[in-house]
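Presented below is the structure to which this report refers.
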Number of protein chains: 2
Amino acid sequence: MKHCLAALLLTAAPAPLLAQAAAPPAPIAVDPKVAALRDAALDDDYAWGITEGLTTEVGQRLAGSPAEARARAWAVAKLFAMGFSNIRIETFPVQTGTRGIERAEIIAPFPQALVVNALGGSGLTGPEGVTGEIVAFDSVDALRLAPDSVVRGKIVFVDHHMPANQDGSGYGQFGAPRRQGPTLASKKGAIAIVIRSIGTDHNRTPHTGVMTFSDGAKPIPAGALSIPDAEQLLRILKRGKPVTMRLRLEGTHKMGTSGNVIAEVPGRDLSLPPILVGGHLDSWDLGTGAIDDAAGVAIATAAAKRIMDAGRPLRTIRIVWFGSEEIGLFGGEDYRAKYGKQPHYAMLESDFGADKIYKVDSKLGDARKTEAEAIGRALAPLGIVTGKYDEADGSDIGPMLADGLPGVGLSQDGTRYFDLHHTPDDTLDKIDPVQLRQNVAAWTAVLGVLSGGIEEPKARKRR
Amino acid sequence: MKHCLAALLLTAAPAPLLAQAAAPPAPIAVDPKVAALRDAALDDDYAWGITEGLTTEVGQRLAGSPAEARARAWAVAKLFAMGFSNIRIETFPVQTGTRGIERAEIIAPFPQALVVNALGGSGLTGPEGVTGEIVAFDSVDALRLAPDSVVRGKIVFVDHHMPANQDGSGYGQFGAPRRQGPTLASKKGAIAIVIRSIGTDHNRTPHTGVMTFSDGAKPIPAGALSIPDAEQLLRILKRGKPVTMRLRLEGTHKMGTSGNVIAEVPGRDLSLPPILVGGHLDSWDLGTGAIDDAAGVAIATAAAKRIMDAGRPLRTIRIVWFGSEEIGLFGGEDYRAKYGKQPHYAMLESDFGADKIYKVDSKLGDARKTEAEAIGRALAPLGIVTGKYDEADGSDIGPMLADGLPGVGLSQDGTRYFDLHHTPDDTLDKIDPVQLRQNVAAWTAVLGVLSGGIEEPKARKRR
């Protein structure tokens with residue numbers, strides 16, 4: 001609780017420590033109301049309640065599936081029970097599917113089964129699978145340089161060397177085998193592709209994730225091996241004998257319905273642009289989507305609820321639980337098509353787990369530099385560094401930020417995020433309640449600054 | 001490398017540090033030959049070679065399966081290449097099986113799939129599975145106390161509270177749900193049982209393991225939920241609504257062939273009883289059996305090889321890679337039936353992973369106390385505590401130790417052992433090569449003491 005103590009020292013004391021009679025009053029670094037809301041949020045239970053409830057009572061909620069529909073119903077009931085206004089579901093169609101039997105068998109030289117899961121958008125096989133010789137590449141760049149003749153008729157394996165970084169920066173570069181590998185392999189005539197899971201753990205739980213066949217590439221079966229299985233395949237390949245694999249990725253593709261769930265804390269001046277806070281409601285089908293992204297919708301919603309509990313903000317806070325983020329940011333796209341041309345005071349999205357926030361960036365424009373600095377000062381007692389003033393990001397809101405809408409980005413520590421991301425291991429037990437509360441405190445502080453001031457409810461008349 | 005330095009100080013210096021001219025020579029705490037062999041083993045590569053080779057070139061090797069037969073062939077080739085003598089396979093029949101589709105679905109109140117694996121010896125279902133209401137117990141004791149009427153026609157869930165202890169002591173007490181739960185549930189009329197996996201991790205990879213229906217109990221489907229899934233089920237149950245599960249544990253049971261692989265380092269006096277060193281060759285089918293027990297056979301064999309490299313021991317060292325340990329200690333039983341009445345100088349088995357050895361116990365008898373103490377002194381520089389003089393254990397050799405045969409027990413640190421034990425995650429990447437070498441050094445030192453002295457090979461004649 002040293003954060004709290006530091007906050008008290010900075011904000012609550014009207015005079016500096018060791019004050020002398022003649023000294024002027026200390027400048028107020030942070031609005032005392034904002035500081036108090038922030039510190040109270042270190043005892044938050046709302047975010048845990050949402051995270052635990054959604055992952056337990058719905059579990060996995062693949063975009064476009066009946067489970068995602070149940071999640072929307074759950075969300076509406078929860079947001080209503082919490083007292084939010086203007087609750088609505090906005091649906092849109094998406095392509096979805098179901099996972100069948102998935103197996104990667106080494107036929108020769110050392111018969112054994114490897115653990116594999118299909119990537120989102122993979123071609124499917126029947127029960128007979130596809131059988132072929134493995135041709136291995138250390139990276140997507142190596143695959144790109146290979147002549148077609150080396151790849152044609154084979155099953156491509158692509159390795160990578162992703163590190164676990166606090167800022168999650170490994171994912172961009174080292175996610176290439178998943179994003180580009182299948183198209184490259186298909187265009188060179190491969191009959192299938194398996195990649196080392198895009199992750200940083202050593203569990204036998206593959207990391208799925210979306211990919212699309214572009215440039216007219218024909219869909220082929222595309223799977224992720226768990227990292228221990230990818231390393232096993234590499235050891236087998238190093239023996240120098242031809243390696244034959246039979247790959248089964250059964251399942252179905254079909255159309256389904258997805259949707260965004262929206263709720264609001266109405267502001268005192270409804271003519272002002274709203275502050276959008278969100279996360280995504282859908283998850284991959286392997287885990288229960290605790291870090292990705294039940295925690296995200298929970299943090300955003302808990303912070304909005306804490307502001308609402310304190311009184312009425314000047315500006316409306318709009319909560320969006322986006323659908324179908326995982327399979328292509330379709331919830332963000334739907335919102336953007338409907339509301340993206342309207343002014344927003346700021347957009348914030350939480351979609352990187354629930355470990356402690358260590359940095360705040362913002363892109364509010366030069367005219368609002370003072371406000372951006374105030375956000376930084378309000379967060380400093382939580383151990384949060386102020387980063388850039390011309391940057392903010394988010395998955396669903398990313399295209400709208402790129403369009404020029406203002407935003408604030410609160411960066412979670414991602415060191416262990418890619419141990420769990422898109423795997424069966426993304427479950428509630430991976431959420432640290434103490435760090436989750438630090439997230440809520442940070443979000444509450446930011447909303448406190450952005451809100452334009454919170455008017456406390458009038459005292460009730462005594463009977 | 002402080003172990004090495006300490007060893008040199010204790011053993012290699014002919015005179016004590018700060019020696020004075022008149023002081024007597026320091027007592028020799030450890031035979032310098034033994035100390036030198038021990039310290040050289042801290043650079044061992046044999047054990048890694050066996051562990052890496054067996055897990056890569058064979059992978060899983062379920063007792064009685066074709067994979068276990070390939071493992072025996074692999075073992076014979078490896079032991080031959082390493083230069084051991086009297087190599088042979090001794091086969092015996094066992095009941096084995098194959099795993100089919102395994103799924104635990106919550107039908108109501110919150111539809112979702114949980115991750116489950118059948119326990120060894122489980123009853124099987126067809127594709128339709130069995131469907132029933134869950135009745136949950138916090139322990140096997142609670143299940144035992146329940147009236148039959150509470151259990152009849154239901155699917156039993158049994159929880160536990162196993163801690164991760166260095167000495168692995170949680171496994172005995174908290175393994176009861178697996179060992180006793182299925183029989184108790186069956187006799188009370190349950191249609192199936194699922195347990196919290198007997199483990200200490202939070203991965204979605206269940207821990208299988210053997211159990212048998214005793215007391216005439218009818219076999220029922222018996223599965224282990226991964227620990228996050230068991231916790232999910234508990235959260236669902238806490239909502240207070242009836243919980244319905246559909247459990248599918250498909251597979252087959254059939255007879256197969258298992259066997260022990262035996263090799264020797266012949267001693268100079270073949271009339272003396274042999275020293276038995278071993279581990280088990282079979283593994284569960286989910287992982288590649290790296291910690292359980294490729295590392296075990298590797299450590300025992302590497303130590304014997306290092307003695308053989310140094311010269312000829314007085315006593316024969318007999319290496320046994322037991323078959324079918326996992327499904328009922330059948331390899332140990334077969335060896336016991338054939339050789340258990342013959343004298344053995346000592347028995348040692350490695351079957352608790354490859355993390356550092358922290359304790360040595362022995363049961364060599366009062367007449368050999370001096371030898372037992374010498375073992376303790378030889379191991380102290382490796383950071384190994386001397387424990388009891390009237391105790392030794394081992395899985396396959398356990399019944400023979402109980403019969404009265406002498407033994408030495410080298411205890412590995414088991415703190416993380418039950419994170420991996422009997423799961424798909426038991427793979428090569430979990431072996432720490434540095435700690436593996438400490439194991440080999442300890443085993444080499446013990447064999448050095450027990451060997452009765454190693455005669456170096458005569459110098460070859462010059463041409």
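Each chain of the structure tokens is named A, B, ... in the order shown, its residues numbered from 1; ligands are numbered from 1 in display order.
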DSSP alpha helix (DSSP H) residues within stretch 376-461 of chain A, listed as number ranges by chain: A: 376-379, 398-403, 417-420, 433-450
Using only C-alpha atoms and a cut-off of 10 Å, which residues of chain A sit close to chain B? Please list them as a PyMOL selection string. chain A and resi 52-53+55-61+67+70+101+109-115+202-205+227-229+231-236+239+285-288+420+423-430
File dump, residues just selected, N, CA and C atoms, as a tab-separated table (two decimals), in the first residue's frame:
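Contents of the output file out-v6.tsv:
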chain	number	residue	atom	x	y	z
A	52	GLU	N	-14.44	-12.62	-13.04
A	52	GLU	CA	-14.80	-13.94	-12.51
A	52	GLU	C	-16.13	-14.40	-13.08
A	53	GLY	N	-17.09	-13.48	-13.13
A	53	GLY	CA	-18.42	-13.85	-13.59
A	53	GLY	C	-18.44	-14.25	-15.06
A	55	THR	N	-15.97	-15.21	-17.05
A	55	THR	CA	-15.19	-16.41	-17.37
A	55	THR	C	-15.82	-17.67	-16.78
A	56	THR	N	-16.55	-17.52	-15.67
A	56	THR	CA	-17.16	-18.69	-15.03
A	56	THR	C	-18.52	-19.01	-15.64
A	57	GLU	N	-19.34	-18.00	-15.80
A	57	GLU	CA	-20.74	-18.24	-16.19
A	57	GLU	C	-20.91	-18.35	-17.71
A	58	VAL	N	-19.92	-17.87	-18.45
A	58	VAL	CA	-19.95	-18.05	-19.90
A	58	VAL	C	-18.76	-18.90	-20.35
A	59	GLY	N	-17.57	-18.60	-19.85
A	59	GLY	CA	-16.38	-19.33	-20.33
A	59	GLY	C	-15.95	-18.82	-21.69
A	60	GLN	N	-15.46	-19.73	-22.53
A	60	GLN	CA	-15.03	-19.30	-23.87
A	60	GLN	C	-16.19	-18.68	-24.62
A	61	ARG	N	-15.90	-17.73	-25.49
A	61	ARG	CA	-16.97	-17.01	-26.22
A	61	ARG	C	-16.42	-16.59	-27.58
A	67	ALA	N	-21.92	-19.12	-27.84
A	67	ALA	CA	-21.33	-18.71	-26.56
A	67	ALA	C	-21.13	-17.20	-26.53
A	70	ARG	N	-24.41	-15.74	-25.73
A	70	ARG	CA	-24.68	-15.84	-24.28
A	70	ARG	C	-23.90	-14.76	-23.52
A	101	ILE	N	-11.30	-32.52	-34.45
A	101	ILE	CA	-10.10	-33.24	-34.02
A	101	ILE	C	-8.88	-32.61	-34.68
A	109	PRO	N	10.88	-40.17	-39.13
A	109	PRO	CA	11.49	-41.45	-38.76
A	109	PRO	C	11.14	-41.91	-37.35
A	110	PHE	N	10.56	-41.05	-36.52
A	110	PHE	CA	10.29	-41.42	-35.12
A	110	PHE	C	8.81	-41.20	-34.84
A	111	PRO	N	7.97	-42.23	-35.03
A	111	PRO	CA	6.52	-42.05	-34.91
A	111	PRO	C	6.11	-41.51	-33.55
A	112	GLN	N	5.36	-40.44	-33.55
A	112	GLN	CA	4.86	-39.86	-32.31
A	112	GLN	C	3.88	-38.74	-32.65
A	113	ALA	N	3.03	-38.41	-31.68
A	113	ALA	CA	2.03	-37.36	-31.87
A	113	ALA	C	2.54	-36.05	-31.29
A	114	LEU	N	2.34	-34.97	-32.03
A	114	LEU	CA	2.65	-33.63	-31.54
A	114	LEU	C	1.34	-32.88	-31.30
A	115	VAL	N	1.38	-31.92	-30.39
A	115	VAL	CA	0.17	-31.17	-30.04
A	115	VAL	C	0.04	-29.97	-30.96
A	202	HIS	N	6.60	-22.57	-22.20
A	202	HIS	CA	6.99	-23.94	-22.54
A	202	HIS	C	5.93	-24.93	-22.09
A	203	ASN	N	4.68	-24.58	-22.34
A	203	ASN	CA	3.58	-25.50	-22.05
A	203	ASN	C	3.10	-26.14	-23.34
A	204	ARG	N	2.49	-27.33	-23.19
A	204	ARG	CA	2.04	-28.02	-24.42
A	204	ARG	C	0.63	-27.60	-24.80
A	205	THR	N	0.46	-26.29	-24.85
A	205	THR	CA	-0.82	-25.69	-25.18
A	205	THR	C	-0.54	-24.68	-26.29
A	227	ILE	N	5.00	-24.90	-28.16
A	227	ILE	CA	6.43	-24.61	-28.24
A	227	ILE	C	7.28	-25.84	-27.92
A	228	PRO	N	6.96	-26.64	-26.88
A	228	PRO	CA	7.75	-27.87	-26.70
A	228	PRO	C	7.66	-28.80	-27.91
A	229	ASP	N	6.52	-28.83	-28.59
A	229	ASP	CA	6.39	-29.70	-29.77
A	229	ASP	C	7.18	-29.16	-30.95
A	231	GLU	N	9.92	-27.49	-30.67
A	231	GLU	CA	11.32	-27.81	-30.35
A	231	GLU	C	11.60	-29.29	-30.58
A	232	GLN	N	10.61	-30.13	-30.28
A	232	GLN	CA	10.75	-31.57	-30.55
A	232	GLN	C	10.93	-31.80	-32.04
A	233	LEU	N	10.11	-31.15	-32.85
A	233	LEU	CA	10.22	-31.30	-34.31
A	233	LEU	C	11.60	-30.85	-34.78
A	234	LEU	N	12.10	-29.76	-34.23
A	234	LEU	CA	13.44	-29.28	-34.62
A	234	LEU	C	14.51	-30.32	-34.27
A	235	ARG	N	14.39	-30.93	-33.09
A	235	ARG	CA	15.37	-31.96	-32.71
A	235	ARG	C	15.30	-33.15	-33.66
A	236	ILE	N	14.07	-33.51	-34.03
A	236	ILE	CA	13.91	-34.64	-34.95
A	236	ILE	C	14.51	-34.29	-36.31
A	239	ARG	N	18.29	-34.62	-36.84
A	239	ARG	CA	18.88	-35.94	-37.08
A	239	ARG	C	19.21	-36.13	-38.56
A	285	ASP	N	-11.45	-19.75	-28.50
A	285	ASP	CA	-12.27	-20.85	-27.99
A	285	ASP	C	-11.51	-21.79	-27.07
A	286	LEU	N	-10.19	-21.61	-26.94
A	286	LEU	CA	-9.40	-22.60	-26.19
A	286	LEU	C	-9.42	-22.35	-24.69
A	287	GLY	N	-9.29	-21.08	-24.29
A	287	GLY	CA	-9.33	-20.74	-22.87
A	287	GLY	C	-10.66	-20.10	-22.54
A	288	THR	N	-10.73	-19.46	-21.35
A	288	THR	CA	-11.95	-18.75	-21.00
A	288	THR	C	-11.75	-17.25	-21.19
A	420	LEU	N	0.49	-16.92	-22.20
A	420	LEU	CA	-0.91	-17.34	-22.03
A	420	LEU	C	-1.80	-17.01	-23.22
A	423	THR	N	-4.16	-19.24	-25.71
A	423	THR	CA	-3.98	-20.66	-25.36
A	423	THR	C	-5.10	-21.12	-24.42
A	424	PRO	N	-5.21	-22.43	-24.22
A	424	PRO	CA	-6.15	-22.94	-23.21
A	424	PRO	C	-5.84	-22.41	-21.81
A	425	ASP	N	-4.61	-21.97	-21.59
A	425	ASP	CA	-4.20	-21.51	-20.26
A	425	ASP	C	-4.67	-20.10	-19.92
A	426	ASP	N	-5.37	-19.44	-20.83
A	426	ASP	CA	-5.89	-18.11	-20.51
A	426	ASP	C	-7.16	-18.29	-19.68
A	427	THR	N	-6.96	-18.45	-18.37
A	427	THR	CA	-8.06	-18.73	-17.43
A	427	THR	C	-7.94	-17.82	-16.21
A	428	LEU	N	-8.97	-17.81	-15.40
A	428	LEU	CA	-9.08	-16.84	-14.30
A	428	LEU	C	-7.91	-16.88	-13.32
A	429	ASP	N	-7.37	-18.08	-13.09
A	429	ASP	CA	-6.30	-18.21	-12.11
A	429	ASP	C	-5.05	-17.43	-12.51
A	430	LYS	N	-4.98	-16.96	-13.73
A	430	LYS	CA	-3.81	-16.19	-14.17
A	430	LYS	C	-3.95	-14.70	-13.84
Report the residues of stretch 392-442 of chain A whose backbone DSSP state falls under strand (DSSP E), written as a ChimeraX atom specification. /A:407-412
So that I can see what lies close to A:Ala441, please list as JSON, numbers by chain the residues with an atom at most 7 Å from it, counting only C-alpha atoms and leaving out residues fewer than 2 positions away in the same chain. {"A": [38, 39, 41, 42, 437, 438, 439, 443, 444, 445]}
Can you tell me which residues surround B:Gln166 at a distance of at most 10 Å, considering only C-alpha atoms, apart from same-chain residues fewer than 3 positions away, and format the answer as a list of chain:residue names?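 Listing them by chain and then by number gives B:Pro163, B:Ser169, B:Gly170, B:Tyr358, B:Ser411, B:Gln412, B:Asp413, B:Gly414, B:Thr415, B:Arg416, B:Tyr417.
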List as a VMD selection string the protein and nucleic acid residues near A:Lys33, meaning an atom at most 12 Å away when only C-alpha atoms are counted, but skip any in the same chain fewer than 5 places from it. chain A and resid 7 to 8 11 to 12 28 38 to 40 307 310 to 311 378 444 to 445 447 to 449 451 to 456
For C-alpha atoms, I'd like the residues from the last selection saved as a PDB file, in the first residue's frame.
ATOM      1  CA  ALA A   7      -0.611   9.599  -2.940  1.00  0.00           C
ATOM      2  CA  LEU A   8      -1.609  10.944   0.423  1.00  0.00           C
ATOM      3  CA  THR A  11      -2.296  15.312  -2.557  1.00  0.00           C
ATOM      4  CA  ALA A  12      -4.081  15.182   0.723  1.00  0.00           C
ATOM      5  CA  ILE A  28      -1.775  20.968  -5.692  1.00  0.00           C
ATOM      6  CA  ARG A  38      -7.845   6.620  -7.578  1.00  0.00           C
ATOM      7  CA  ASP A  39      -6.760   5.473  -4.134  1.00  0.00           C
ATOM      8  CA  ALA A  40     -10.165   4.095  -3.232  1.00  0.00           C
ATOM      9  CA  ILE A 307     -16.941   7.519 -11.437  1.00  0.00           C
ATOM     10  CA  ALA A 310     -18.993   9.284  -7.056  1.00  0.00           C
ATOM     11  CA  GLY A 311     -21.484  11.442  -8.909  1.00  0.00           C
ATOM     12  CA  ALA A 378      -2.398  11.599 -11.335  1.00  0.00           C
ATOM     13  CA  THR A 444     -10.356   5.668 -12.595  1.00  0.00           C
ATOM     14  CA  ALA A 445      -7.760   8.415 -12.253  1.00  0.00           C
ATOM     15  CA  LEU A 447     -11.454   9.077 -16.231  1.00  0.00           C
ATOM     16  CA  GLY A 448     -11.470  11.443 -13.272  1.00  0.00           C
ATOM     17  CA  VAL A 449      -9.262  13.874 -15.171  1.00  0.00           C
ATOM     18  CA  SER A 451     -14.594  13.625 -16.993  1.00  0.00           C
ATOM     19  CA  GLY A 452     -14.595  17.396 -16.762  1.00  0.00           C
ATOM     20  CA  GLY A 453     -15.483  17.254 -13.089  1.00  0.00           C
ATOM     21  CA  ILE A 454     -17.833  15.041 -11.125  1.00  0.00           C
ATOM     22  CA  GLU A 455     -20.829  16.557  -9.439  1.00  0.00           C
ATOM     23  CA  GLU A 456     -21.643  14.754  -6.227  1.00  0.00           C
TER      24      GLU A 456
END
Which value, in Å to one decimal, gives the distance between atom CA of A:Asp366 and atom CA of A:Asp390? 8.7 Å
Which residues, written as a compact mmCIF listing (two decimals) with all heavy atoms, in the first residue's frame, have at least one atom at most 9 Å from stretch 133-150 of chain B, with only C-alpha atoms counted and residues fewer than 5 positions away on the same chain left out?
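Output below, filename out.txt:
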# COMPACT_ATOMS: atom_id res chain seq x y z
N ILE B 155 -22.45 -38.10 -10.99
CA ILE B 155 -21.02 -38.03 -11.30
C ILE B 155 -20.34 -37.36 -10.11
O ILE B 155 -20.66 -36.23 -9.75
CB ILE B 155 -20.74 -37.23 -12.59
CG1 ILE B 155 -21.41 -37.92 -13.80
CG2 ILE B 155 -19.24 -37.06 -12.81
CD1 ILE B 155 -21.24 -37.18 -15.12
N VAL B 156 -19.42 -38.10 -9.49
CA VAL B 156 -18.72 -37.59 -8.30
C VAL B 156 -17.57 -36.68 -8.73
O VAL B 156 -16.85 -36.99 -9.69
CB VAL B 156 -18.18 -38.77 -7.46
CG1 VAL B 156 -17.13 -38.31 -6.45
CG2 VAL B 156 -19.33 -39.48 -6.75
N PHE B 157 -17.40 -35.56 -8.04
CA PHE B 157 -16.19 -34.75 -8.18
C PHE B 157 -15.48 -34.73 -6.83
O PHE B 157 -16.11 -34.47 -5.80
CB PHE B 157 -16.52 -33.32 -8.61
CG PHE B 157 -15.35 -32.37 -8.48
CD1 PHE B 157 -14.25 -32.49 -9.33
CD2 PHE B 157 -15.32 -31.40 -7.49
CE1 PHE B 157 -13.15 -31.63 -9.19
CE2 PHE B 157 -14.23 -30.54 -7.35
CZ PHE B 157 -13.15 -30.66 -8.20
N VAL B 158 -14.17 -35.01 -6.83
CA VAL B 158 -13.40 -34.95 -5.58
C VAL B 158 -12.27 -33.94 -5.73
O VAL B 158 -11.46 -34.01 -6.66
CB VAL B 158 -12.83 -36.33 -5.17
CG1 VAL B 158 -12.15 -36.23 -3.80
CG2 VAL B 158 -13.92 -37.38 -5.13
N ASP B 159 -12.22 -33.03 -4.80
CA ASP B 159 -11.21 -31.98 -4.74
C ASP B 159 -10.09 -32.40 -3.79
O ASP B 159 -10.20 -33.42 -3.09
CB ASP B 159 -11.90 -30.70 -4.22
CG ASP B 159 -11.08 -29.45 -4.47
OD1 ASP B 159 -10.20 -29.46 -5.35
OD2 ASP B 159 -11.33 -28.44 -3.78
N HIS B 160 -9.02 -31.64 -3.74
CA HIS B 160 -7.96 -31.85 -2.74
C HIS B 160 -7.16 -30.57 -2.58
O HIS B 160 -7.42 -29.59 -3.28
CB HIS B 160 -7.06 -33.03 -3.13
CG HIS B 160 -6.26 -32.76 -4.36
ND1 HIS B 160 -5.13 -31.98 -4.36
CD2 HIS B 160 -6.44 -33.14 -5.65
CE1 HIS B 160 -4.65 -31.90 -5.58
NE2 HIS B 160 -5.43 -32.58 -6.39
N HIS B 161 -6.17 -30.60 -1.73
CA HIS B 161 -5.42 -29.38 -1.40
C HIS B 161 -3.93 -29.67 -1.34
O HIS B 161 -3.25 -29.32 -0.37
CB HIS B 161 -5.94 -28.81 -0.06
CG HIS B 161 -7.42 -28.59 -0.07
ND1 HIS B 161 -8.00 -27.44 -0.55
CD2 HIS B 161 -8.44 -29.42 0.26
CE1 HIS B 161 -9.32 -27.56 -0.49
NE2 HIS B 161 -9.62 -28.76 0.01
N PHE B 174 -2.40 -36.53 -0.61
CA PHE B 174 -3.35 -35.86 -1.49
C PHE B 174 -3.54 -36.58 -2.83
O PHE B 174 -4.31 -36.14 -3.67
CB PHE B 174 -2.95 -34.40 -1.68
CG PHE B 174 -3.05 -33.60 -0.41
CD1 PHE B 174 -1.93 -33.32 0.36
CD2 PHE B 174 -4.29 -33.16 0.03
CE1 PHE B 174 -2.02 -32.60 1.54
CE2 PHE B 174 -4.40 -32.44 1.21
CZ PHE B 174 -3.26 -32.16 1.97
N ALA B 176 -4.88 -39.41 -2.77
CA ALA B 176 -5.99 -40.31 -2.43
C ALA B 176 -7.20 -40.21 -3.38
O ALA B 176 -7.81 -41.23 -3.71
CB ALA B 176 -6.43 -40.09 -0.98
N PRO B 177 -7.57 -39.00 -3.83
CA PRO B 177 -8.72 -38.95 -4.75
C PRO B 177 -8.53 -39.84 -5.97
O PRO B 177 -9.50 -40.45 -6.45
CB PRO B 177 -8.78 -37.46 -5.15
CG PRO B 177 -8.21 -36.74 -3.98
CD PRO B 177 -7.09 -37.65 -3.48
N GLN B 180 -8.11 -43.88 -4.36
CA GLN B 180 -9.26 -44.47 -3.66
C GLN B 180 -10.60 -43.97 -4.17
O GLN B 180 -11.63 -44.65 -4.02
CB GLN B 180 -9.17 -44.14 -2.15
CG GLN B 180 -7.88 -44.65 -1.52
CD GLN B 180 -7.63 -43.98 -0.16
OE1 GLN B 180 -8.57 -43.58 0.52
NE2 GLN B 180 -6.38 -43.83 0.22
N GLY B 181 -10.59 -42.76 -4.76
CA GLY B 181 -11.84 -42.14 -5.18
C GLY B 181 -12.68 -43.00 -6.10
O GLY B 181 -13.88 -43.19 -5.86
N LEU B 184 -14.36 -45.98 -4.28
CA LEU B 184 -15.39 -45.49 -3.35
C LEU B 184 -16.63 -45.01 -4.10
O LEU B 184 -17.76 -45.35 -3.73
CB LEU B 184 -14.82 -44.33 -2.52
CG LEU B 184 -13.92 -44.68 -1.35
CD1 LEU B 184 -13.25 -43.42 -0.81
CD2 LEU B 184 -14.76 -45.35 -0.25
N ALA B 185 -16.41 -44.22 -5.16
CA ALA B 185 -17.54 -43.67 -5.92
C ALA B 185 -18.34 -44.80 -6.54
O ALA B 185 -19.58 -44.82 -6.49
CB ALA B 185 -17.03 -42.70 -6.98
N LYS B 187 -18.57 -47.96 -5.65
CA LYS B 187 -19.29 -48.80 -4.68
C LYS B 187 -20.52 -48.09 -4.12
O LYS B 187 -21.47 -48.72 -3.66
CB LYS B 187 -18.36 -49.24 -3.56
CG LYS B 187 -17.25 -50.15 -4.12
CD LYS B 187 -16.65 -51.06 -3.10
CE LYS B 187 -17.60 -52.15 -2.70
NZ LYS B 187 -16.96 -53.42 -2.37
N LYS B 188 -20.51 -46.76 -4.16
CA LYS B 188 -21.68 -46.01 -3.70
C LYS B 188 -22.68 -45.76 -4.82
O LYS B 188 -23.66 -45.03 -4.64
CB LYS B 188 -21.23 -44.67 -3.10
CG LYS B 188 -20.57 -44.81 -1.72
CD LYS B 188 -20.05 -43.47 -1.23
CE LYS B 188 -19.25 -43.61 0.06
NZ LYS B 188 -20.09 -43.87 1.25
N GLY B 189 -22.40 -46.30 -6.02
CA GLY B 189 -23.39 -46.21 -7.09
C GLY B 189 -23.21 -45.03 -8.04
O GLY B 189 -24.12 -44.74 -8.85
N ALA B 190 -22.07 -44.34 -7.98
CA ALA B 190 -21.84 -43.23 -8.93
C ALA B 190 -21.71 -43.78 -10.34
O ALA B 190 -21.26 -44.90 -10.54
CB ALA B 190 -20.56 -42.48 -8.54
N ILE B 193 -16.64 -40.62 -12.17
CA ILE B 193 -15.95 -39.74 -11.22
C ILE B 193 -14.96 -38.87 -11.98
O ILE B 193 -14.33 -39.33 -12.94
CB ILE B 193 -15.23 -40.56 -10.11
CG1 ILE B 193 -14.44 -39.63 -9.15
CG2 ILE B 193 -14.30 -41.62 -10.70
CD1 ILE B 193 -13.88 -40.34 -7.93
N LEU B 234 -15.60 -25.81 -9.42
CA LEU B 234 -15.94 -25.38 -8.06
C LEU B 234 -16.65 -24.04 -8.06
O LEU B 234 -17.63 -23.84 -7.32
CB LEU B 234 -14.66 -25.27 -7.21
CG LEU B 234 -14.08 -26.60 -6.75
CD1 LEU B 234 -12.68 -26.39 -6.17
CD2 LEU B 234 -14.99 -27.22 -5.68
N LEU B 237 -20.15 -24.65 -9.20
CA LEU B 237 -20.93 -25.29 -8.14
C LEU B 237 -21.33 -24.29 -7.05
O LEU B 237 -22.41 -24.37 -6.48
CB LEU B 237 -20.12 -26.44 -7.52
CG LEU B 237 -20.00 -27.71 -8.37
CD1 LEU B 237 -18.84 -28.57 -7.90
CD2 LEU B 237 -21.31 -28.52 -8.33
N PRO B 242 -27.99 -26.84 -9.64
CA PRO B 242 -27.53 -28.18 -10.02
C PRO B 242 -26.65 -28.09 -11.26
O PRO B 242 -26.95 -27.33 -12.18
CB PRO B 242 -28.84 -28.93 -10.34
CG PRO B 242 -29.92 -28.11 -9.72
CD PRO B 242 -29.45 -26.70 -9.68
N VAL B 243 -25.56 -28.84 -11.25
CA VAL B 243 -24.60 -28.82 -12.36
C VAL B 243 -24.63 -30.17 -13.05
O VAL B 243 -24.42 -31.20 -12.42
CB VAL B 243 -23.18 -28.50 -11.86
CG1 VAL B 243 -22.17 -28.59 -13.01
CG2 VAL B 243 -23.13 -27.12 -11.20
N THR B 244 -24.91 -30.15 -14.35
CA THR B 244 -24.97 -31.38 -15.14
C THR B 244 -23.75 -31.47 -16.05
O THR B 244 -23.41 -30.51 -16.73
CB THR B 244 -26.25 -31.42 -16.00
OG1 THR B 244 -27.35 -31.17 -15.17
CG2 THR B 244 -26.40 -32.78 -16.67
N MET B 245 -23.11 -32.63 -16.03
CA MET B 245 -21.92 -32.85 -16.86
C MET B 245 -22.15 -34.04 -17.78
O MET B 245 -22.77 -35.03 -17.39
CB MET B 245 -20.70 -33.13 -15.98
CG MET B 245 -19.43 -33.45 -16.76
SD MET B 245 -18.00 -33.85 -15.68
CE MET B 245 -17.50 -32.20 -15.18
N ARG B 246 -21.62 -33.90 -19.00
CA ARG B 246 -21.55 -35.05 -19.89
C ARG B 246 -20.07 -35.40 -20.03
O ARG B 246 -19.26 -34.57 -20.44
CB ARG B 246 -22.14 -34.69 -21.26
CG ARG B 246 -21.99 -35.80 -22.28
CD ARG B 246 -22.75 -35.46 -23.57
NE ARG B 246 -22.37 -36.39 -24.62
CZ ARG B 246 -21.97 -36.00 -25.83
NH1 ARG B 246 -21.90 -34.73 -26.15
NH2 ARG B 246 -21.63 -36.90 -26.74
